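Enquirer: Below you'll find upload_32.cif; it's mmCIF, C-alpha atoms.
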```cif
data_structure
#
loop_
_atom_site.label_atom_id
_atom_site.label_comp_id
_atom_site.auth_asym_id
_atom_site.auth_seq_id
_atom_site.Cartn_x
_atom_site.Cartn_y
_atom_site.Cartn_z
CA MET P 27 2.24 27.19 16.97
CA THR P 28 -0.08 26.94 19.99
CA SER P 29 1.00 23.69 21.65
CA THR P 30 3.17 23.93 24.75
CA SER P 31 6.88 23.22 24.59
CA ALA P 32 6.30 20.18 26.82
CA GLU P 33 3.86 18.72 24.30
CA PHE P 34 6.29 19.41 21.50
CA SER P 35 9.20 17.68 23.18
CA ALA P 36 7.06 14.69 24.20
CA LEU P 37 5.31 14.19 20.85
CA ALA P 38 8.12 15.20 18.48
CA PRO P 39 9.58 11.65 18.41
CA TYR P 40 6.20 10.52 17.05
CA GLY P 41 6.14 13.11 14.24
CA TRP P 42 4.52 16.16 15.86
CA ASP P 43 5.51 19.39 14.11
CA ASP P 44 4.38 22.97 13.58
CA SER P 45 1.91 21.97 10.87
CA TRP P 46 0.18 19.45 13.13
CA ALA P 47 0.13 22.00 15.95
CA GLU P 48 -1.54 24.52 13.66
CA ALA P 49 -4.14 21.96 12.54
CA PHE P 50 -4.84 21.11 16.18
CA ALA P 51 -5.33 24.72 17.33
CA PRO P 52 -9.18 24.70 17.10
CA PHE P 53 -9.34 21.56 19.24
CA GLU P 54 -6.91 23.01 21.75
CA ALA P 55 -9.25 25.99 22.12
CA ASP P 56 -11.96 23.48 23.15
CA GLY P 57 -9.72 22.06 25.87
CA LEU P 58 -8.82 18.83 24.04
CA LEU P 59 -5.38 17.22 24.04
CA PRO P 60 -3.31 16.04 21.05
CA GLY P 61 -2.04 12.50 20.66
CA ARG P 62 -1.07 9.94 18.06
CA VAL P 63 -2.78 6.58 17.71
CA VAL P 64 -0.25 3.78 18.18
CA ARG P 65 -2.71 0.86 18.13
CA VAL P 66 -6.41 0.22 17.39
CA ASP P 67 -8.33 -2.74 18.74
CA ARG P 68 -12.11 -3.33 18.60
CA GLY P 69 -13.35 0.22 18.86
CA GLN P 70 -10.65 1.33 21.28
CA CYS P 71 -7.16 2.64 20.72
CA ASP P 72 -3.91 3.37 22.49
CA VAL P 73 -2.90 7.01 22.10
CA VAL P 74 0.51 8.43 22.96
CA THR P 75 0.19 11.86 24.59
CA ALA P 76 2.50 14.29 26.35
CA ASP P 77 1.58 12.52 29.61
CA GLY P 78 2.17 9.00 28.30
CA THR P 79 0.08 6.37 26.51
CA VAL P 80 -3.63 6.25 27.35
CA ARG P 81 -6.52 4.00 26.34
CA ALA P 82 -9.43 5.72 24.61
CA ASP P 83 -12.78 4.88 23.05
CA THR P 84 -13.44 5.87 19.41
CA GLU P 85 -17.27 5.81 19.39
CA PHE P 86 -17.54 9.57 18.88
CA VAL P 87 -15.79 9.25 15.49
CA VAL P 88 -18.57 8.14 13.12
CA PRO P 89 -17.74 4.56 12.06
CA ARG P 90 -20.30 4.10 9.26
CA ASP P 91 -17.71 4.90 6.59
CA PRO P 92 -14.77 2.47 6.94
CA MET P 93 -12.50 5.13 5.47
CA LYS P 94 -13.29 7.49 8.37
CA VAL P 95 -12.61 5.21 11.31
CA VAL P 96 -9.67 6.01 13.55
CA CYS P 97 -6.58 4.08 12.48
CA THR P 98 -2.96 3.64 13.49
CA GLY P 99 -0.96 6.74 12.62
CA ASP P 100 -3.82 9.21 13.07
CA TRP P 101 -3.30 12.39 15.09
CA VAL P 102 -6.37 12.81 17.29
CA ALA P 103 -8.10 15.23 19.65
CA LEU P 104 -8.57 13.51 22.99
CA ASP P 105 -10.65 14.19 26.09
CA PRO P 106 -8.41 15.71 28.79
CA GLY P 107 -9.63 13.19 31.35
CA GLY P 108 -12.44 10.93 32.46
CA ASP P 109 -13.09 7.21 32.56
CA PRO P 110 -13.49 6.12 29.86
CA ARG P 111 -11.65 8.66 27.75
CA TYR P 112 -12.81 9.41 24.21
CA VAL P 113 -11.28 10.38 20.89
CA ARG P 114 -13.39 13.30 19.68
CA ALA P 115 -11.89 13.70 16.19
CA TYR P 116 -8.83 13.01 14.08
CA LEU P 117 -6.84 15.63 12.22
CA PRO P 118 -6.97 15.71 8.39
CA ARG P 119 -4.69 12.99 7.06
CA ARG P 120 -1.68 13.88 4.94
CA THR P 121 -1.54 10.41 3.41
CA ALA P 122 -3.49 7.17 3.80
CA PHE P 123 -2.63 3.61 2.80
CA VAL P 124 -5.87 1.98 1.60
CA ARG P 125 -6.77 -1.41 0.16
CA SER P 126 -10.05 -2.94 -0.97
CA THR P 127 -11.85 -4.82 1.81
CA SER P 128 -13.15 -7.56 -0.50
CA SER P 129 -13.47 -8.31 -4.19
CA LYS P 130 -17.26 -8.41 -3.76
CA ARG P 131 -17.58 -5.02 -2.08
CA SER P 132 -16.68 -1.48 -3.04
CA GLU P 133 -15.39 -0.34 0.35
CA GLY P 134 -11.84 0.57 1.18
CA GLN P 135 -9.96 -0.35 4.33
CA ILE P 136 -7.46 2.14 5.66
CA LEU P 137 -4.37 0.39 6.99
CA ALA P 138 -2.25 3.33 8.15
CA ALA P 139 -2.41 7.12 8.13
CA ASN P 140 0.11 9.95 7.78
CA VAL P 141 2.84 7.77 6.30
CA ASP P 142 5.92 9.11 4.50
CA HIS P 143 7.52 5.80 3.42
CA ALA P 144 5.84 2.51 2.50
CA VAL P 145 8.38 -0.26 3.07
CA VAL P 146 7.43 -3.42 1.15
CA ALA P 147 9.16 -6.46 2.64
CA VAL P 148 9.77 -9.31 0.17
CA SER P 149 11.37 -12.56 1.30
CA LEU P 150 14.24 -14.05 -0.69
CA ALA P 151 13.54 -17.43 0.94
CA VAL P 152 10.99 -18.16 -1.80
CA GLU P 153 10.65 -17.42 -5.51
CA LEU P 154 9.99 -13.76 -6.22
CA ASP P 155 6.38 -12.90 -7.04
CA LEU P 156 6.91 -9.73 -9.08
CA GLY P 157 3.21 -9.31 -9.71
CA ARG P 158 2.55 -9.07 -5.99
CA VAL P 159 5.39 -6.56 -5.61
CA GLU P 160 3.79 -4.42 -8.33
CA ARG P 161 0.42 -4.65 -6.55
CA PHE P 162 1.91 -3.44 -3.25
CA LEU P 163 3.71 -0.63 -5.04
CA ALA P 164 0.53 0.56 -6.78
CA LEU P 165 -1.18 0.95 -3.40
CA ALA P 166 1.91 2.60 -1.93
CA TRP P 167 2.16 5.21 -4.71
CA GLU P 168 -1.57 5.87 -4.49
CA SER P 169 -1.30 6.52 -0.75
CA GLY P 170 1.02 9.47 -1.31
CA ALA P 171 3.95 7.77 0.44
CA GLN P 172 7.34 7.01 -1.13
CA PRO P 173 7.64 3.24 -1.68
CA VAL P 174 10.75 1.26 -0.76
CA VAL P 175 11.27 -2.45 -1.49
CA VAL P 176 13.32 -4.39 1.06
CA LEU P 177 14.45 -7.86 0.02
CA THR P 178 14.72 -9.68 3.35
CA LYS P 179 16.63 -12.84 4.31
CA ALA P 180 19.41 -11.90 1.90
CA ASP P 181 21.73 -14.29 3.79
CA LEU P 182 19.83 -17.15 2.09
CA VAL P 183 21.24 -16.03 -1.28
CA PRO P 184 25.02 -16.21 -0.69
CA ASP P 185 25.97 -15.97 -4.37
CA PRO P 186 26.43 -12.24 -5.15
CA VAL P 187 25.72 -12.74 -8.86
CA THR P 188 22.39 -14.43 -8.15
CA LEU P 189 21.51 -11.74 -5.63
CA ALA P 190 22.34 -9.02 -8.15
CA HIS P 191 20.04 -10.63 -10.72
CA LEU P 192 17.18 -10.78 -8.18
CA VAL P 193 17.65 -7.12 -7.33
CA GLN P 194 17.66 -6.23 -11.03
CA ASP P 195 14.39 -8.14 -11.56
CA VAL P 196 12.73 -6.17 -8.77
CA GLU P 197 14.18 -2.86 -9.97
CA THR P 198 12.70 -3.53 -13.42
CA SER P 199 9.31 -4.02 -11.77
CA ALA P 200 9.70 -1.00 -9.50
CA PRO P 201 10.80 2.05 -11.53
CA GLY P 202 11.74 4.99 -9.34
CA VAL P 203 11.72 2.88 -6.17
CA PRO P 204 14.78 2.15 -4.00
CA VAL P 205 15.44 -1.60 -3.70
CA LEU P 206 17.47 -2.70 -0.67
CA THR P 207 18.78 -6.10 0.40
CA VAL P 208 18.78 -6.82 4.12
CA SER P 209 19.70 -9.67 6.42
CA ALA P 210 18.20 -8.86 9.80
CA LEU P 211 19.84 -12.01 11.15
CA HIS P 212 23.37 -10.73 10.42
CA GLY P 213 22.65 -7.00 10.28
CA ASP P 214 23.68 -6.67 6.63
CA GLY P 215 22.08 -3.67 4.91
CA LEU P 216 20.33 -2.43 8.05
CA ASP P 217 22.34 0.81 8.17
CA VAL P 218 20.93 1.90 4.81
CA LEU P 219 17.37 1.08 5.88
CA VAL P 220 17.81 2.82 9.24
CA ALA P 221 18.96 5.99 7.46
CA LEU P 222 16.00 5.83 5.09
CA VAL P 223 13.33 5.43 7.80
CA GLY P 224 15.14 7.72 10.23
CA SER P 225 12.80 10.63 9.54
CA GLY P 226 9.05 10.74 9.16
CA THR P 227 6.69 7.77 9.47
CA SER P 228 7.16 4.46 7.67
CA VAL P 229 4.68 1.60 7.32
CA LEU P 230 6.00 -1.94 6.95
CA LEU P 231 4.02 -4.15 4.57
CA GLY P 232 4.31 -7.67 3.23
CA GLN P 233 3.05 -11.23 3.35
CA SER P 234 3.27 -13.48 6.39
CA GLY P 235 6.72 -15.02 6.46
CA ALA P 236 8.40 -12.03 4.82
CA GLY P 237 10.43 -11.41 7.97
CA LYS P 238 8.69 -8.20 9.02
CA SER P 239 8.70 -8.93 12.76
CA THR P 240 12.42 -9.80 12.69
CA LEU P 241 13.05 -6.59 10.76
CA VAL P 242 11.08 -4.56 13.32
CA ASN P 243 13.09 -6.04 16.18
CA ALA P 244 16.32 -5.20 14.37
CA LEU P 245 15.25 -1.60 13.73
CA VAL P 246 13.99 -1.07 17.28
CA GLY P 247 16.97 -2.83 18.82
CA ALA P 248 14.80 -5.00 21.06
CA ASP P 249 12.52 -8.02 20.81
CA VAL P 250 9.26 -6.10 20.66
CA MET P 251 7.65 -8.52 18.17
CA ASP P 252 7.25 -12.29 18.41
CA VAL P 253 8.97 -14.21 15.62
CA GLN P 254 7.93 -17.59 14.22
CA ALA P 255 9.58 -19.74 11.58
CA ALA P 256 8.14 -19.75 8.07
CA ARG P 257 7.11 -23.01 6.40
CA ASP P 258 9.85 -24.45 4.21
CA VAL P 259 7.37 -25.49 1.51
CA ASP P 260 6.20 -22.01 0.60
CA GLY P 261 7.98 -19.58 2.89
CA LYS P 262 4.73 -18.48 4.53
CA GLY P 263 4.38 -17.99 8.25
CA ARG P 264 1.61 -17.57 10.76
CA HIS P 265 0.54 -14.07 11.73
CA THR P 266 2.88 -13.01 14.53
CA THR P 267 1.55 -9.45 14.28
CA THR P 268 -2.23 -9.23 14.62
CA THR P 269 -2.68 -5.46 14.97
CA ARG P 270 -1.05 -2.42 13.42
CA ASN P 271 1.44 -0.99 15.91
CA LEU P 272 3.25 2.35 15.81
CA LEU P 273 6.75 2.41 17.30
CA ALA P 274 9.22 5.26 17.77
CA LEU P 275 12.64 4.16 16.51
CA PRO P 276 15.71 4.87 18.67
CA SER P 277 17.59 6.30 15.69
CA GLY P 278 14.71 8.60 14.77
CA GLY P 279 11.55 8.17 12.76
CA VAL P 280 8.40 6.19 13.43
CA LEU P 281 7.50 2.72 12.18
CA ILE P 282 4.04 1.18 11.76
CA ASP P 283 4.16 -2.61 11.67
CA THR P 284 1.23 -4.40 10.04
CA PRO P 285 -0.05 -8.00 10.03
CA GLY P 286 0.91 -10.13 7.04
CA LEU P 287 -1.39 -9.31 4.14
CA ARG P 288 -2.70 -12.30 2.17
CA GLY P 289 -5.09 -10.22 0.06
CA VAL P 290 -3.98 -6.88 -1.35
CA GLY P 291 -6.92 -5.60 -3.36
CA LEU P 292 -6.62 -2.31 -5.20
CA PHE P 293 -8.94 0.53 -4.22
CA ASP P 294 -9.24 3.39 -6.72
CA ALA P 295 -5.51 3.18 -7.40
CA GLY P 296 -5.35 4.22 -11.05
CA THR P 297 -2.64 6.80 -10.44
CA GLY P 298 -0.60 4.28 -8.45
CA VAL P 299 -0.85 1.68 -11.21
CA GLY P 300 0.35 4.28 -13.71
CA GLN P 301 3.39 5.08 -11.58
CA VAL P 302 4.34 1.41 -11.24
CA PHE P 303 4.18 0.96 -15.02
CA THR P 304 5.59 4.31 -16.14
CA GLU P 305 7.42 2.79 -19.11
CA ILE P 306 4.15 1.34 -20.49
CA GLU P 307 2.29 4.62 -20.05
CA GLU P 308 5.12 6.46 -21.83
CA LEU P 309 5.06 3.95 -24.69
CA ALA P 310 1.28 4.27 -24.92
CA GLU P 311 1.64 7.95 -25.74
CA ARG P 312 3.29 6.89 -29.02
CA CYS P 313 0.48 4.53 -30.05
CA ARG P 314 -1.37 5.43 -33.25
CA PHE P 315 -4.76 5.40 -31.51
CA GLN P 316 -5.40 7.32 -28.31
CA ASP P 317 -7.67 4.58 -26.93
CA CYS P 318 -5.31 1.76 -27.92
CA ALA P 319 -5.85 -1.38 -25.83
CA HIS P 320 -2.37 -2.69 -26.72
CA GLU P 321 -3.76 -5.93 -28.11
CA SER P 322 -3.93 -6.17 -31.90
CA GLU P 323 -4.32 -2.52 -32.96
CA PRO P 324 -2.07 -1.29 -35.78
CA GLY P 325 0.62 1.15 -34.77
CA CYS P 326 0.68 0.02 -31.14
CA ALA P 327 3.98 1.15 -29.61
CA VAL P 328 3.44 -1.06 -26.53
CA ARG P 329 3.03 -4.27 -28.55
CA SER P 330 5.99 -3.27 -30.68
CA ALA P 331 8.13 -2.90 -27.54
CA VAL P 332 7.08 -6.39 -26.43
CA ASP P 333 7.86 -7.87 -29.84
CA ASN P 334 11.36 -6.39 -29.97
CA GLY P 335 12.19 -7.39 -26.38
CA GLU P 336 12.19 -3.87 -24.97
CA LEU P 337 9.19 -4.61 -22.70
CA PRO P 338 8.67 -7.98 -20.95
CA GLN P 339 5.36 -9.65 -21.78
CA ARG P 340 4.89 -10.34 -18.06
CA ARG P 341 4.91 -6.59 -17.32
CA LEU P 342 2.21 -5.91 -19.89
CA GLU P 343 0.03 -8.73 -18.57
CA SER P 344 0.46 -7.50 -14.99
CA TYR P 345 -0.41 -3.95 -16.08
CA ARG P 346 -3.58 -5.13 -17.79
CA LYS P 347 -4.60 -7.21 -14.79
CA LEU P 348 -4.21 -4.38 -12.29
CA LEU P 349 -5.97 -1.91 -14.59
CA ARG P 350 -8.94 -4.28 -15.02
CA GLU P 351 -9.16 -4.88 -11.29
CA ASN P 352 -9.00 -1.19 -10.50
CA GLN P 353 -11.63 -0.35 -13.12
CA TRP P 354 -13.92 -2.99 -11.65
CA ILE P 355 -13.59 -1.55 -8.14
CA VAL P 356 -14.15 2.02 -9.35
CA ALA P 357 -17.12 0.96 -11.50
CA LYS P 358 -18.98 -0.29 -8.44
CA THR P 359 -19.42 3.29 -7.24
CA ASP P 360 -19.03 5.32 -10.47
CA ALA P 361 -21.89 5.10 -13.00
CA ARG P 362 -19.83 6.74 -15.75
CA VAL P 363 -17.08 4.14 -15.45
CA ARG P 364 -19.69 1.35 -15.41
CA ALA P 365 -21.18 2.69 -18.65
CA GLU P 366 -17.73 2.88 -20.27
CA LEU P 367 -16.98 -0.72 -19.28
CA ARG P 368 -20.30 -1.92 -20.71
CA ARG P 369 -19.58 -0.16 -23.98
CA GLU P 370 -16.14 -1.78 -24.10
CA TRP P 371 -17.61 -5.23 -23.40
CA ARG P 372 -20.19 -4.76 -26.15
CA ARG P 373 -17.51 -3.60 -28.60
CA LYS P 374 -15.30 -6.60 -27.87
CA GLY P 375 -18.32 -8.90 -28.07
CA ALA P 376 -19.23 -7.52 -31.48
CA GLU P 377 -15.64 -7.87 -32.70
CA GLY P 378 -15.52 -11.47 -31.49
CA LYS P 379 -18.83 -12.27 -33.17
CA ALA P 380 -17.68 -10.70 -36.44
CA ALA P 381 -14.42 -12.66 -36.33
CA MET P 382 -16.32 -15.93 -35.76
CA GLU P 383 -18.72 -15.24 -38.62
CA ALA P 384 -15.75 -14.48 -40.89
CA LYS P 385 -14.19 -17.83 -40.00
CA ARG P 386 -17.46 -19.65 -40.68
CA GLY P 387 -17.64 -17.93 -44.05
CA ARG P 388 -14.17 -19.22 -44.94
CA TRP P 389 -15.10 -22.73 -43.82
CA ALA P 390 -18.34 -22.78 -45.86
#
```
Go ahead and render the structure in this file as structure tokens.

Expert:
Amino acid sequence: MTSTSAEFSALAPYGWDDSWAEAFAPFEADGLLPGRVVRVDRGQCDVVTADGTVRADTEFVVPRDPMKVVCTGDWVALDPGGDPRYVRAYLPRRTAFVRSTSSKRSEGQILAANVDHAVVAVSLAVELDLGRVERFLALAWESGAQPVVVLTKADLVPDPVTLAHLVQDVETSAPGVPVLTVSALHGDGLDVLVALVGSGTSVLLGQSGAGKSTLVNALVGADVMDVQAARDVDGKGRHTTTTRNLLALPSGGVLIDTPGLRGVGLFDAGTGVGQVFTEIEELAERCRFQDCAHESEPGCAVRSAVDNGELPQRRLESYRKLLRENQWIVAKTDARVRAELRREWRRKGAEGKAAMEAKRGRWA
């Protein structure tokens, strides 16, 4: 450990520890100062340091690769003074939450760095979209963080039996993931969430209208985020959070709030998809053919589980959809994957043509 005790005491509430101090040592030898990025806005960022929060320019960090731009949650090496001040580098990230920037491009967008928990907020004010929950969880697992699903606005489901069924539906779609119910309005369930995010860094994710800003205010214990009502017709709200903001929680831990995400595209998240659908991957190991597509192949353990009610058809369809999407994104930058996809398309095309010719033969 080379950082001063003053730096440690000032930055510890934001996650500074011996490992970060060791990683920063070469920059300290160059006279730079450590800090954590709490907000990024148009090429500049707010950085919390031992001397308080300062504004800094990020132009010295090469921005050509969108995955290497400075983002909220980064630990950075900062100029000791000057006007303007500059971020000279960021420390190697422990984890990174990444999504695809667009379905037509192969770039990833990093939403938050050095995150321990990915808290997915899902509103109970509208019908559950389990497919979207699975999509968020795939990205969360891929990031290296531990996902948590928080069902917000639980006060809108007063019947405990109905609430229990909703929780069970989400738990089925989120194996290995804690599922909490919270009413930020009445404080119900907040103690469990506070304990969970009370150490490390958590990122809060979800659609507009999921109640994230209200949840942030409840966790911080102050109205630090504006809150607007969601539309009754679909439960969606306007973006009350427009940037990603890092906040130290009074009970311990750090929270990164994010704007509502309308599009949540996968970005090279094959491992994450596998973790969301662990039961399907385990069933697939019992299929007769190693490359089974779980469609009409004989001896398919996955299809058998669907037929006997062990596996919901919706889960299989969601699994296929996310796998196809992820393969498409990866194929844009991986020639081997592109070649495999072309071979698969040709095989399916040939099978379809053969099936059509067989039908014509029967009709003749």

Enquirer: Using only C-alpha atoms, which residues sit within 12 Å of Ala47 (chain P) once same-chain residues fewer than 2 positions away are excluded, as a VMD selection string?

Expert: chain P and resid 27 to 31 33 to 34 37 to 38 41 to 45 49 to 55 59 to 61 101 to 103 117

Enquirer: Let me know the residues the PyMOL selection byres ((chain P and resi 97) around 9) catches in the file above, as a ChimeraX atom specification.

Expert: /P:63-66,71,94-96,98-100,136-139,270

Enquirer: What separation in Å, quoted to one decimal, exists between CA of Ile355 (chain P) and CA of Arg341 (chain P)?

Expert: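 Going from CA of Ile355 (chain P) over to CA of Arg341 (chain P) covers 21.3 Å.
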
Enquirer: If the PyMOL selection byres ((chain P and resi 182) around 12) is run on the structure shown, which residues does it catch, given as a list in words?

Expert: Ser149, Leu150, Ala151, Val152, Glu153, Leu177, Thr178, Lys179, Ala180, Asp181, Val183, Pro184, Asp185, Pro186, Thr188, Leu189, Thr207, Val208, Ser209, Ala210, Leu211 and His212 of chain P

Enquirer: Taking (-3.3, 2.3, -11.9) in the file's own coordinates, collect the residues within 9 Å, counting only C-alpha atoms, and hand them back as an NGL selection string.

Expert: :P and (164-165 or 168 or 292 or 294-303 or 345 or 348-349 or 352-353)
